[in-house]
file run-v2.txt (compact mmCIF, N, CA and C atoms)
# COMPACT_ATOMS: atom_id res chain seq x y z
N MET P 1 28.84 -28.32 -26.44
CA MET P 1 28.99 -27.06 -25.75
C MET P 1 29.29 -25.99 -26.79
N LEU P 2 28.61 -24.88 -26.67
CA LEU P 2 28.80 -23.74 -27.56
C LEU P 2 29.98 -22.91 -27.07
N ARG P 3 30.88 -22.56 -27.97
CA ARG P 3 32.03 -21.75 -27.61
C ARG P 3 32.00 -20.47 -28.43
N ILE P 4 31.90 -19.33 -27.72
CA ILE P 4 31.88 -18.02 -28.37
C ILE P 4 32.89 -17.11 -27.69
N SER P 5 33.26 -16.04 -28.36
CA SER P 5 34.12 -15.03 -27.75
C SER P 5 33.26 -13.96 -27.10
N VAL P 6 33.65 -13.57 -25.89
CA VAL P 6 32.91 -12.58 -25.13
C VAL P 6 33.89 -11.51 -24.67
N ALA P 7 33.53 -10.24 -24.81
CA ALA P 7 34.39 -9.15 -24.35
C ALA P 7 34.55 -9.21 -22.83
N LEU P 8 35.76 -8.96 -22.36
CA LEU P 8 36.02 -9.01 -20.92
C LEU P 8 35.11 -8.09 -20.13
N ASP P 9 34.80 -6.92 -20.69
CA ASP P 9 33.95 -5.98 -19.95
C ASP P 9 32.49 -6.39 -19.92
N SER P 10 32.14 -7.48 -20.60
CA SER P 10 30.78 -8.02 -20.55
C SER P 10 30.64 -9.12 -19.50
N ILE P 11 31.75 -9.46 -18.85
CA ILE P 11 31.76 -10.56 -17.88
C ILE P 11 31.74 -10.00 -16.46
N GLU P 12 30.92 -10.62 -15.63
CA GLU P 12 30.85 -10.27 -14.20
C GLU P 12 31.16 -11.52 -13.39
N PRO P 13 32.09 -11.42 -12.43
CA PRO P 13 32.32 -12.56 -11.54
C PRO P 13 31.03 -12.90 -10.79
N SER P 14 30.86 -14.15 -10.44
CA SER P 14 29.61 -14.59 -9.81
C SER P 14 29.47 -14.16 -8.37
N GLY P 15 30.56 -13.90 -7.68
CA GLY P 15 30.49 -13.57 -6.26
C GLY P 15 30.46 -14.80 -5.39
N ALA P 16 30.34 -15.97 -5.98
CA ALA P 16 30.29 -17.22 -5.23
C ALA P 16 31.61 -17.97 -5.27
N ASN P 17 32.66 -17.33 -5.76
CA ASN P 17 33.96 -18.00 -5.85
C ASN P 17 34.51 -18.22 -4.44
N PRO P 18 34.79 -19.48 -4.08
CA PRO P 18 35.30 -19.74 -2.73
C PRO P 18 36.77 -19.34 -2.56
N ARG P 19 37.49 -19.12 -3.65
CA ARG P 19 38.91 -18.78 -3.57
C ARG P 19 39.08 -17.35 -3.09
N GLU P 20 39.90 -17.17 -2.06
CA GLU P 20 40.19 -15.83 -1.56
C GLU P 20 41.53 -15.33 -2.07
N ASP P 21 42.49 -16.22 -2.21
CA ASP P 21 43.82 -15.85 -2.69
C ASP P 21 43.90 -16.19 -4.17
N MET P 22 44.04 -15.19 -5.01
CA MET P 22 44.10 -15.41 -6.45
C MET P 22 45.49 -15.79 -6.94
N GLY P 23 46.47 -15.80 -6.07
CA GLY P 23 47.82 -16.20 -6.46
C GLY P 23 48.50 -15.14 -7.31
N ASP P 24 49.51 -15.56 -8.03
CA ASP P 24 50.33 -14.66 -8.85
C ASP P 24 49.67 -14.43 -10.21
N LEU P 25 48.82 -13.43 -10.29
CA LEU P 25 48.10 -13.16 -11.54
C LEU P 25 49.02 -12.63 -12.63
N ASP P 26 50.08 -11.91 -12.24
CA ASP P 26 51.03 -11.42 -13.24
C ASP P 26 51.69 -12.57 -13.97
N ARG P 27 52.08 -13.57 -13.22
CA ARG P 27 52.72 -14.74 -13.84
C ARG P 27 51.75 -15.51 -14.73
N LEU P 28 50.52 -15.65 -14.27
CA LEU P 28 49.51 -16.31 -15.09
C LEU P 28 49.24 -15.51 -16.36
N ALA P 29 49.20 -14.18 -16.26
CA ALA P 29 49.01 -13.34 -17.44
C ALA P 29 50.16 -13.53 -18.43
N GLU P 30 51.38 -13.64 -17.93
CA GLU P 30 52.53 -13.88 -18.79
C GLU P 30 52.40 -15.22 -19.49
N SER P 31 51.94 -16.23 -18.77
CA SER P 31 51.74 -17.55 -19.35
C SER P 31 50.68 -17.52 -20.45
N ILE P 32 49.60 -16.80 -20.21
CA ILE P 32 48.54 -16.67 -21.21
C ILE P 32 49.07 -15.95 -22.44
N GLU P 33 49.84 -14.90 -22.22
CA GLU P 33 50.42 -14.15 -23.34
C GLU P 33 51.37 -15.03 -24.16
N ALA P 34 52.13 -15.89 -23.48
CA ALA P 34 53.09 -16.76 -24.16
C ALA P 34 52.41 -17.82 -25.03
N THR P 35 51.14 -18.11 -24.75
CA THR P 35 50.42 -19.10 -25.55
C THR P 35 49.51 -18.45 -26.59
N GLY P 36 49.77 -17.19 -26.91
CA GLY P 36 49.01 -16.52 -27.96
C GLY P 36 47.96 -15.56 -27.48
N GLY P 37 47.87 -15.32 -26.17
CA GLY P 37 46.93 -14.32 -25.66
C GLY P 37 45.60 -14.87 -25.21
N GLU P 38 45.42 -16.18 -25.32
CA GLU P 38 44.20 -16.81 -24.82
C GLU P 38 44.60 -18.01 -23.98
N PRO P 39 43.92 -18.21 -22.83
CA PRO P 39 44.27 -19.37 -22.02
C PRO P 39 43.90 -20.66 -22.74
N ILE P 40 44.63 -21.70 -22.43
CA ILE P 40 44.34 -23.01 -23.04
C ILE P 40 42.93 -23.45 -22.66
N ASN P 41 42.56 -23.24 -21.41
CA ASN P 41 41.19 -23.50 -20.94
C ASN P 41 40.56 -22.16 -20.59
N PRO P 42 39.74 -21.62 -21.47
CA PRO P 42 39.17 -20.29 -21.22
C PRO P 42 38.18 -20.31 -20.06
N PRO P 43 37.95 -19.14 -19.46
CA PRO P 43 36.93 -19.06 -18.41
C PRO P 43 35.57 -19.48 -18.97
N VAL P 44 34.72 -20.00 -18.09
CA VAL P 44 33.38 -20.45 -18.48
C VAL P 44 32.38 -19.43 -17.96
N VAL P 45 31.49 -18.98 -18.84
CA VAL P 45 30.46 -18.01 -18.47
C VAL P 45 29.09 -18.53 -18.89
N VAL P 46 28.06 -18.01 -18.25
CA VAL P 46 26.68 -18.27 -18.66
C VAL P 46 25.99 -16.92 -18.86
N LEU P 47 25.08 -16.87 -19.79
CA LEU P 47 24.34 -15.65 -20.05
C LEU P 47 23.30 -15.45 -18.95
N ASP P 48 23.35 -14.29 -18.32
CA ASP P 48 22.44 -13.93 -17.22
C ASP P 48 21.86 -12.56 -17.55
N GLY P 49 20.74 -12.55 -18.23
CA GLY P 49 20.17 -11.29 -18.72
C GLY P 49 21.03 -10.73 -19.82
N ASN P 50 21.59 -9.54 -19.62
CA ASN P 50 22.47 -8.92 -20.61
C ASN P 50 23.94 -9.05 -20.23
N THR P 51 24.22 -9.84 -19.21
CA THR P 51 25.58 -9.99 -18.70
C THR P 51 26.00 -11.45 -18.75
N TYR P 52 27.26 -11.65 -18.99
CA TYR P 52 27.81 -13.00 -18.91
C TYR P 52 28.37 -13.18 -17.51
N ARG P 53 27.85 -14.17 -16.77
CA ARG P 53 28.25 -14.42 -15.40
C ARG P 53 29.34 -15.50 -15.40
N LEU P 54 30.44 -15.20 -14.76
CA LEU P 54 31.58 -16.11 -14.68
C LEU P 54 31.25 -17.25 -13.72
N VAL P 55 31.38 -18.49 -14.18
CA VAL P 55 31.10 -19.63 -13.32
C VAL P 55 32.33 -20.51 -13.08
N ASP P 56 33.37 -20.35 -13.90
CA ASP P 56 34.60 -21.10 -13.71
C ASP P 56 35.74 -20.35 -14.38
N GLY P 57 36.86 -20.20 -13.65
CA GLY P 57 38.04 -19.59 -14.24
C GLY P 57 38.27 -18.14 -13.85
N GLU P 58 37.96 -17.79 -12.60
CA GLU P 58 38.13 -16.38 -12.20
C GLU P 58 39.59 -15.95 -12.24
N ARG P 59 40.52 -16.83 -11.89
CA ARG P 59 41.94 -16.47 -11.98
C ARG P 59 42.33 -16.16 -13.42
N ARG P 60 41.89 -17.01 -14.35
CA ARG P 60 42.19 -16.77 -15.77
C ARG P 60 41.55 -15.48 -16.24
N TYR P 61 40.32 -15.23 -15.81
CA TYR P 61 39.62 -13.99 -16.16
C TYR P 61 40.40 -12.77 -15.66
N ARG P 62 40.80 -12.80 -14.39
CA ARG P 62 41.53 -11.67 -13.82
C ARG P 62 42.90 -11.49 -14.48
N ALA P 63 43.57 -12.59 -14.80
CA ALA P 63 44.86 -12.50 -15.48
C ALA P 63 44.69 -11.90 -16.87
N MET P 64 43.64 -12.29 -17.57
CA MET P 64 43.38 -11.72 -18.88
C MET P 64 43.05 -10.23 -18.77
N CYS P 65 42.33 -9.84 -17.73
CA CYS P 65 42.04 -8.42 -17.51
C CYS P 65 43.34 -7.65 -17.31
N LYS P 66 44.27 -8.21 -16.54
CA LYS P 66 45.57 -7.56 -16.35
C LYS P 66 46.32 -7.47 -17.68
N LEU P 67 46.29 -8.56 -18.42
CA LEU P 67 47.00 -8.62 -19.70
C LEU P 67 46.46 -7.58 -20.67
N TYR P 68 45.17 -7.41 -20.70
CA TYR P 68 44.54 -6.49 -21.65
C TYR P 68 44.14 -5.16 -21.01
N LYS P 69 44.70 -4.87 -19.82
CA LYS P 69 44.53 -3.58 -19.13
C LYS P 69 43.06 -3.25 -18.81
N ASP P 70 42.30 -4.27 -18.49
CA ASP P 70 40.90 -4.08 -18.10
C ASP P 70 40.73 -4.67 -16.69
N ASP P 71 41.68 -4.32 -15.80
CA ASP P 71 41.78 -4.91 -14.47
C ASP P 71 40.52 -4.66 -13.66
N PRO P 72 39.82 -5.74 -13.22
CA PRO P 72 38.56 -5.58 -12.48
C PRO P 72 38.74 -5.14 -11.04
N SER P 73 39.98 -5.14 -10.50
CA SER P 73 40.15 -4.80 -9.09
C SER P 73 40.36 -3.33 -8.87

call {"tool": "encode", "arguments": {"input": "run-v2.txt", "output": "structure tokens"}}
result
Amino acid sequence: MLRISVALDSIEPSGANPREDMGDLDRLAESIEATGGEPINPPVVVLDGNTYRLVDGERRYRAMCKLYKDDPS
């Protein structure tokens, strides 16, 4: 599996996420910050044209957006 860094603003949620309640994103953001600013298991994306489509890890993605002030909501 290829692992690369992708800017948060280049990622789009898929829209197919079955989760409606994202839980406590502030707490998750704090946890990510405490481990160096990156989640232990980063979100998984696939390249879809010029956009990276999020396929796994929307909570982590949203928490990272909060952490880095790029909140998608």

call {"tool": "residues_around", "arguments": {"input": "run-v2.txt", "residues": "range 35-46 of chain P", "least_positions_apart": "6", "cutoff": "8 Å", "atoms": "only N, CA and C atoms", "output": "PyMOL selection string"}}
result
chain P and resi 11-12+29+52-61+64

call {"tool": "atom_distance", "arguments": {"input": "run-v2.txt", "atom1": "CA of Leu67 in chain P", "atom2": "CA of Leu2 in chain P"}}
result
24.9 Å

call {"tool": "closest_residue", "arguments": {"input": "run-v2.txt", "among": "P:Lys69, P:Pro13, P:Ala63, P:Val6", "to": "Leu25 in chain P", "atoms": "only N, CA and C atoms"}}
result
P:Ala63

call {"tool": "atom_distance", "arguments": {"input": "run-v2.txt", "atom1": "CA of Glu33 in chain P", "atom2": "CA of Lys66 in chain P"}}
result
10.8 Å

call {"tool": "axis_aligned_box", "arguments": {"input": "run-v2.txt", "around": "range 36-53 of chain P", "padding_each_side": "8 Å", "output": "JSON"}}
result
{"center_x": 35.0, "center_y": -16.2, "center_z": -21.7, "size_x": 45.6, "size_y": 30.6, "size_z": 28.6}

call {"tool": "select_by_dssp", "arguments": {"input": "run-v2.txt", "residues": "chain P", "states": "strand (DSSP E or B)", "output": "PyMOL selection string"}}
result
chain P and resi 11-13+44-48+51-56

call {"tool": "write_last_selection", "arguments": {"input": "run-v2.txt", "atoms": "N, CA and C atoms", "output": "compact mmCIF listing (two decimals), in the coordinates of the input"}}
result
# COMPACT_ATOMS: atom_id res chain seq x y z
N ILE P 11 31.75 -9.46 -18.85
CA ILE P 11 31.76 -10.56 -17.88
C ILE P 11 31.74 -10.00 -16.46
N GLU P 12 30.92 -10.62 -15.63
CA GLU P 12 30.85 -10.27 -14.20
C GLU P 12 31.16 -11.52 -13.39
N PRO P 13 32.09 -11.42 -12.43
CA PRO P 13 32.32 -12.56 -11.54
C PRO P 13 31.03 -12.90 -10.79
N VAL P 44 34.72 -20.00 -18.09
CA VAL P 44 33.38 -20.45 -18.48
C VAL P 44 32.38 -19.43 -17.96
N VAL P 45 31.49 -18.98 -18.84
CA VAL P 45 30.46 -18.01 -18.47
C VAL P 45 29.09 -18.53 -18.89
N VAL P 46 28.06 -18.01 -18.25
CA VAL P 46 26.68 -18.27 -18.66
C VAL P 46 25.99 -16.92 -18.86
N LEU P 47 25.08 -16.87 -19.79
CA LEU P 47 24.34 -15.65 -20.05
C LEU P 47 23.30 -15.45 -18.95
N ASP P 48 23.35 -14.29 -18.32
CA ASP P 48 22.44 -13.93 -17.22
C ASP P 48 21.86 -12.56 -17.55
N THR P 51 24.22 -9.84 -19.21
CA THR P 51 25.58 -9.99 -18.70
C THR P 51 26.00 -11.45 -18.75
N TYR P 52 27.26 -11.65 -18.99
CA TYR P 52 27.81 -13.00 -18.91
C TYR P 52 28.37 -13.18 -17.51
N ARG P 53 27.85 -14.17 -16.77
CA ARG P 53 28.25 -14.42 -15.40
C ARG P 53 29.34 -15.50 -15.40
N LEU P 54 30.44 -15.20 -14.76
CA LEU P 54 31.58 -16.11 -14.68
C LEU P 54 31.25 -17.25 -13.72
N VAL P 55 31.38 -18.49 -14.18
CA VAL P 55 31.10 -19.63 -13.32
C VAL P 55 32.33 -20.51 -13.08
N ASP P 56 33.37 -20.35 -13.90
CA ASP P 56 34.60 -21.10 -13.71
C ASP P 56 35.74 -20.35 -14.38

call {"tool": "closest_residue", "arguments": {"input": "run-v2.txt", "among": "P:Tyr68, P:Met1, P:Ala34, P:Leu47", "to": "Ser14 in chain P", "atoms": "only C-alpha atoms"}}
result
P:Leu47

call {"tool": "atom_distance", "arguments": {"input": "run-v2.txt", "atom1": "atom C of Ser10 in chain P", "atom2": "CA of Asp24 in chain P"}}
result
23.1 Å

call {"tool": "select_by_dssp", "arguments": {"input": "run-v2.txt", "residues": "chain P", "states": "alpha helix (DSSP H)", "output": "number ranges by chain"}}
result
P: 25-34, 58-67
